[in-house]
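**Q** First the structure, which I've put down as structure tokens, then a few questions once you've had a look.
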Amino acid sequence: MTAAGAARGRPGRYGRFGGQFVAPVLLPVLDRLEAAFDQAWADPTFRRTFEDLLERFVGRPTPVFETVTLASANGGARIILKRDDLTFNGGNYANSALGQCLLAVRMGLGSVVTDTGSGQNGVAAAAVAARLGLSCIIYMGSSDAARHAATIRKMRAFGADLRIVEDADRTLSAATSAAIRHWMGNSATTAYLAGAPIGAHPYPAMVSAFQAVIGRETRLQLIEAGVLPRAIVSAVGGGSSTIGIFSAFVGDPQIRLVAVEAGGRSGGDAPHSARLGKGRRGIFHGAETLVLADEHGQILPTASIAPGLAYPGSAPEIADLVERGRVETVAVTDEEARQAVLRLAKSEGILVSLEAGHAVAAAERIARLYDRNDAVVVMVASAGDKDLDVIWPES
Amino acid sequence: MARSPNRIDRMFQRLKAEGRIAFVTFTVACDPDFAESLARLRLLVGNGIDLLEIGHPYSDPILDGATIQTANRRALAAGGNLSRTLDLCAAFREEDDTTPIVLMGYANPLLAMGYEAFAARAAAAGVDGLIAADLPLREAEPLLKALGRHGLVMIPLAAPSLPAEDFVSASKGVGGFLYCIPVVGPTGGPSASIEAISDAVARCRTVSRLPVLVGFGVKTPDMVAAVAEVADGVIVATALIDRFEAMRGQGDAEAFRRAAAGLVAGYRQAVDGR
């Protein structure tokens with residue numbers, strides 16, 4: 001196959017989104033990558049190695065786990081968490097970091113370069129690269145780095161070369177641009193690792209294929225538990241966990257798919273990261289997609305308490321699902337997300353990331369529309385240890 | 001103002017007749033502001049630049065190194081954007097209807113304006129061609145049609161690793177010259193050897209009849225002179241912008257004008273082999 005959920009019509013196209021909007025020097029690199037990925041994905045040995053390491057190195061399958069208290073207070077639907085926070089390193093990012101690093105080894109490349117916002121993709125890439133003997137360079141915006149000292153130490157513990165970016169808004173977007181520039185100058189020896197199904201073809205298709213394991217597991221686990229959910233709710237940064245879990249349910253029109261965006265600080269014109277709901281058609285970081293940009297096409301700064309959600313572009317596949325009306329979007333503010341993380345920690349003993357807190361807050365809202373016989377599934381992409389200093393700055 | 005769609009072709013015909021090669025530079029529109037940018041365009045042409053590559057400012061110039069990123073940021077801070085860039089071109093055309101102008105920039109502002117509206121406005125402003133750093137030919141079909149309708153051309157970027165079909169096209173919207181990039185990586189990076197440049201140019205000539213200009217990593221007058229031996233033109237961008245910025249802080253406007261003029265004229269002499 002040419003990757004899960006792949007394009008209708010031209011390769012790398014999702015409706016009118018997708019494509020390969022890159023410097024021409026990268027086209028042969030992308031073409032080689034596409035060919036290598038298609039071959040690898042069709043190769044049972046590659047698939048077996050990938051699945052074996054997903055199980056024993058990443059810690060899959062992750063459980064689905066029902067909360068006791070979250071919905072019952074309001075008499076709403078049951079809330080079931082998909083616990084990718086329980087992977088060994090980097091939450092759900094570990095899936096695609098593993099797939100892409102295995103592909104780099106198969107292609108004879110010795111290094112990988114990537115970018116990270118919250119640090120999760122960086123930790124995942126650093127750990128897998130260490131396991132597979134690849135050298136690993138990670139770009140991170142200085143504003144994100146300042147909030148995640150422990151995560152930085154973790155990446156360095158795995159031997160990664162961490163480079164702090166003092167550019168533009170000093171968050172994920174600037175880190176991504178820096179990583180892509182590095183890759184352009186070193187593509188003969190270095191693979192660029194996409195943390196999300198964003199960017200030029202074949203990245204969206206490739207990351208989507210590696211992340212589809214989340215959806216397959218969830219579907220099976222729900223069937224085993226006899227649950228037909230009303231909605232699947234996932235927070236969208238780059239969109240890796242979202243496309244991962246949605247992929248198995250896109251064909252079930254009776255199940256609502258809800259993408260949760262970062263509303264930032266509430267009110268008025270405060271900066272946010274809601275590019276699916278409020279963005280415009282644009283070309284950014286290699287693909288045509290929904291983007292936060294002004295009327296002149298200049299990329300706008302984003303804001304969110306959860307750095308993994310603060311990104312001005314979106315996955316072309318998700319942009320297409322939104323445009324076709326298959327995926328709904330909602331926005332959750334910084335404070336709503338923070339309160340959801342606190343509630344879940346205190347009432348359930350589960351500490352999720354602020355990114356996942358956005359999804360939990362939205363799921364609580366949606367669950368109120370239904371009753372106890374119904375269920376809402378929440379994608380928990382990552383754990384909350386990294387956010388302790390943000391949630392409890394006073395301690 | 002009458003539109004002259006073939007300023008690029010006419011320039012190459014003239015240079016060929018004179019036995020000279022083209023000297024091209026790049027400057028970001030509205031860096032550091034509209035008025036100074038306009039004055040700089042005139043200064044460049046007055047001191048030996050044959051063709052102007054004018055960058056339309058963008059918030060995320062991913063193909064560019066630190067120098068041009070900073071220039072983009074200065075221009076944005078001064079209110080620069082694609083629309084103001086076209087205003088600048090139109091203002092330049094009031095005094096110069098000969099020097100070809102090629103816009104250089106990124107796809108998102110073009111898409112935001114709309115390809116058809118962009119091509120129409122660019123033609124009216126006296127623009128002759130376009131270089132789009134992140135819009136390769138395989139994605140450019142709708143834009144090429146619009147450019148072709150208005151007598152503009154897209155100039156393909158030709159890297160040594162690129163298959164010919166990714167920079168050669170019979171489309172009416174493609175032409176002008178081939179922008180030969182002998183190194184991979186962002187602008188302002190390391191230079192290629194003259195042997196590598198020579199090979200890259202030779203390869204371009206085997207697959208296309210368009211004139212071949214070399215840019216990216218061409219920095220010193222010596223290197224300019226060497227490139228002039230093998231190509232139809234030389235593009236010096238980052239090295240000039242760096243020097244201009246350094247000189248700006250060192251004196252009044254007149255001192256800057258004199259120093260900048262001397263610098264450009266020095267490169268021109270290297271291009272002409274003197």
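Labeling convention for the structure tokens: chains A, B, ... as they appear, residues from 1 per chain, ligands from 1 in order of appearance.
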Under the rule of at most 7 Å, produce a per-residue listing of chain B near chain A: chain, number, name, the closest pair of atoms, and the distance in Å, as a tab-separated table, using only C-alpha atoms.
**A**
```
residue	atom	partner	partner_atom	distance
B:Tyr58	CA	A:Gln298	CA	6.1
B:Ser59	CA	A:Gln298	CA	5.5
B:Ile62	CA	A:Ser177	CA	6.0
B:Leu63	CA	A:Ala23	CA	6.7
B:Asn81	CA	A:His296	CA	6.7
B:Ala107	CA	A:Ile283	CA	6.4
B:Asn108	CA	A:Ile283	CA	4.9
B:Pro109	CA	A:Gly297	CA	4.2
B:Leu111	CA	A:Gly282	CA	6.7
B:Ala112	CA	A:Gly297	CA	5.1
B:Met113	CA	A:His296	CA	6.8
B:Ala133	CA	A:Ala23	CA	5.5
B:Asp134	CA	A:Val22	CA	4.3
B:Leu135	CA	A:Phe21	CA	5.2
B:Pro136	CA	A:Pro24	CA	5.6
B:Glu139	CA	A:Gln20	CA	6.9
B:Leu157	CA	A:Pro24	CA	6.7
B:Ala159	CA	A:Val25	CA	5.8
B:Ser161	CA	A:Val25	CA	6.8
B:Leu162	CA	A:Pro28	CA	6.2
B:Val184	CA	A:Gly185	CA	5.5
B:Gly185	CA	A:Gly185	CA	3.9
B:Pro186	CA	A:Arg181	CA	6.3
```
**Q** Restrict the calculation to only C-alpha atoms, then for each residue of stretch 159-278 of chain A with any atom at most 10 Å from an atom of stretch 73-91 of chain A give the closest atom pair and their distance in Å to one decimal, rows by chain and rising residue number, as a Markdown table.
**A**
```
| residue | atom | partner | partner_atom | distance |
| --- | --- | --- | --- | --- |
| A:Ile214 | CA | A:Asp84 | CA | 8.3 |
| A:Gly215 | CA | A:Lys82 | CA | 9.6 |
| A:Glu217 | CA | A:Lys82 | CA | 9.3 |
| A:Thr218 | CA | A:Lys82 | CA | 7.1 |
| A:Gln221 | CA | A:Lys82 | CA | 9.7 |
| A:Leu222 | CA | A:Ile80 | CA | 9.5 |
| A:Val227 | CA | A:Ile80 | CA | 9.9 |
| A:Pro229 | CA | A:Ile80 | CA | 9.1 |
| A:Arg230 | CA | A:Ala77 | CA | 8.8 |
| A:Ala231 | CA | A:Ile79 | CA | 9.9 |
| A:Ile232 | CA | A:Ile80 | CA | 9.5 |
| A:Val233 | CA | A:Leu81 | CA | 9.7 |
| A:Ser234 | CA | A:Lys82 | CA | 10.0 |
| A:Ser241 | CA | A:Asp84 | CA | 8.9 |
| A:Ile245 | CA | A:Lys82 | CA | 9.0 |
```
**Q** Apply DSSP to the backbone of this structure and, from stretch 33-161 of chain A, keep only the residues in strand (DSSP E); write these as a ChimeraX atom specification.
**A** /A:64-66,78-83,111-116,135-141,161
**Q** If you keep N, CA and C atoms, can you produce a file of those selected residues as a compact mmCIF listing (two decimals), in the first residue's frame?
**A**
```
# COMPACT_ATOMS: atom_id res chain seq x y z
N VAL A 64 -6.78 0.92 27.33
CA VAL A 64 -7.86 1.91 27.47
C VAL A 64 -8.33 1.77 28.92
N PHE A 65 -8.71 2.88 29.51
CA PHE A 65 -8.97 2.88 30.95
C PHE A 65 -10.11 3.84 31.26
N GLU A 66 -11.11 3.33 31.95
CA GLU A 66 -12.29 4.16 32.20
C GLU A 66 -12.11 4.99 33.46
N ARG A 78 -19.92 7.79 29.99
CA ARG A 78 -18.64 7.29 30.52
C ARG A 78 -17.48 7.93 29.73
N ILE A 79 -16.36 8.17 30.41
CA ILE A 79 -15.18 8.73 29.72
C ILE A 79 -14.05 7.70 29.80
N ILE A 80 -13.61 7.28 28.64
CA ILE A 80 -12.58 6.25 28.55
C ILE A 80 -11.30 6.85 27.97
N LEU A 81 -10.19 6.63 28.66
CA LEU A 81 -8.92 7.20 28.21
C LEU A 81 -8.11 6.18 27.42
N LYS A 82 -7.53 6.60 26.30
CA LYS A 82 -6.54 5.76 25.61
C LYS A 82 -5.18 6.22 26.11
N ARG A 83 -4.49 5.33 26.84
CA ARG A 83 -3.38 5.73 27.69
C ARG A 83 -2.01 5.68 27.00
N SER A 111 22.33 9.50 10.64
CA SER A 111 21.87 10.54 11.56
C SER A 111 20.41 10.86 11.33
N VAL A 112 19.79 11.37 12.39
CA VAL A 112 18.44 11.92 12.23
C VAL A 112 18.42 13.32 12.82
N VAL A 113 17.57 14.17 12.25
CA VAL A 113 17.38 15.51 12.80
C VAL A 113 15.88 15.72 12.97
N THR A 114 15.50 16.34 14.08
CA THR A 114 14.09 16.58 14.29
C THR A 114 13.90 17.85 15.12
N ASP A 115 12.64 18.16 15.40
CA ASP A 115 12.29 19.36 16.16
C ASP A 115 11.32 18.93 17.25
N THR A 116 11.24 19.74 18.28
CA THR A 116 10.32 19.39 19.35
C THR A 116 9.74 20.64 19.97
N SER A 135 23.00 8.88 15.27
CA SER A 135 23.21 10.14 15.99
C SER A 135 21.98 11.01 15.75
N CYS A 136 21.67 11.84 16.76
CA CYS A 136 20.37 12.52 16.77
C CYS A 136 20.55 13.99 17.12
N ILE A 137 20.08 14.86 16.22
CA ILE A 137 20.15 16.31 16.46
C ILE A 137 18.71 16.81 16.63
N ILE A 138 18.49 17.58 17.70
CA ILE A 138 17.12 18.04 17.99
C ILE A 138 17.11 19.56 18.12
N TYR A 139 16.22 20.21 17.39
CA TYR A 139 16.05 21.66 17.52
C TYR A 139 14.82 21.94 18.38
N MET A 140 14.99 22.90 19.32
CA MET A 140 13.89 23.26 20.22
C MET A 140 13.92 24.77 20.42
N GLY A 141 12.77 25.41 20.34
CA GLY A 141 12.69 26.85 20.55
C GLY A 141 13.07 27.21 21.98
N ASP A 161 22.05 15.61 20.48
CA ASP A 161 22.68 16.93 20.36
C ASP A 161 21.54 17.94 20.29
```
**Q** Between A:Ala129, A:Gly325, A:Arg106, A:Ser118, which residue has the minimum interatomic distance to A:Ala146, considering only C-alpha atoms?
**A** A:Ser118
**Q** In Å to one decimal, how far is atom CA of A:Gly122 from atom CA of A:Leu134?
**A**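 Atom-to-atom, atom CA of A:Leu134 and atom CA of A:Gly122 are spaced 13.8 Å apart.
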**Q** If we count only C-alpha atoms, what is near B:Gly79 at a cut-off of 10 Å, once residues fewer than 2 positions away on the same chain are taken out, given as number ranges by chain?
**A** B: 30-34, 57, 73-77, 81, 84
**Q** Which residues come within 8 Å of stretch 224-236 of chain B, counting only C-alpha atoms, excluding same-chain residues fewer than 6 positions away, as a list in words?
**A** Ile21, Ala22, Phe23, Val24, Thr25, Phe26, Ile194, Ile197, Ser198, Val201, Pro211, Val212, Leu213, Val214, Gly215, Phe216, Val218, Tyr267, Ala270, Val271, Asp272 and Gly273 of chain B
**Q** Find the residue from B:Ala71, B:Ile8, B:Leu82, B:Ala29 that sits nearest to B:Asp242; use only C-alpha atoms when measuring.
**A**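 Closest residue, counting only C-alpha atoms: B:Ala71.
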**Q** Can you work out the spacing between atom CA of B:Ala259 and atom CA of B:Ser37 in Å, to one decimal?
**A**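 Rounded to one decimal, the two atoms are 16.1 Å apart.
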**Q** Please list as a ChimeraX atom specification every residue within 10 Å of A:Ala259, counting only C-alpha atoms and excluding residues in the same chain fewer than 4 positions away.
**A** /A:232-237,239,242-243,246,276-277,318,322,327-331,358-359,362
**Q** Measure the distance from atom CA of A:Leu309 to atom CA of A:Arg16 in Å and round it to one decimal.
**A** 23.7 Å
**Q** May I have the residues within 12 Å of B:Gly175 as a ChimeraX atom specification, using only C-alpha atoms and disregarding those fewer than 6 positions away in the same chain?
**A** /B:5-9,102,128-131,137,144,147-148,151-157,167-169,208-212
**Q** Using only C-alpha atoms, which residues sit within 7 Å of stretch 153-159 of chain A once same-chain residues fewer than 5 positions away are excluded, as a list in words?
**A**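 Once the adjacent positions are removed, what remains is Gly122, Val123, Ala126, Ala127 and Ala130 of chain A.
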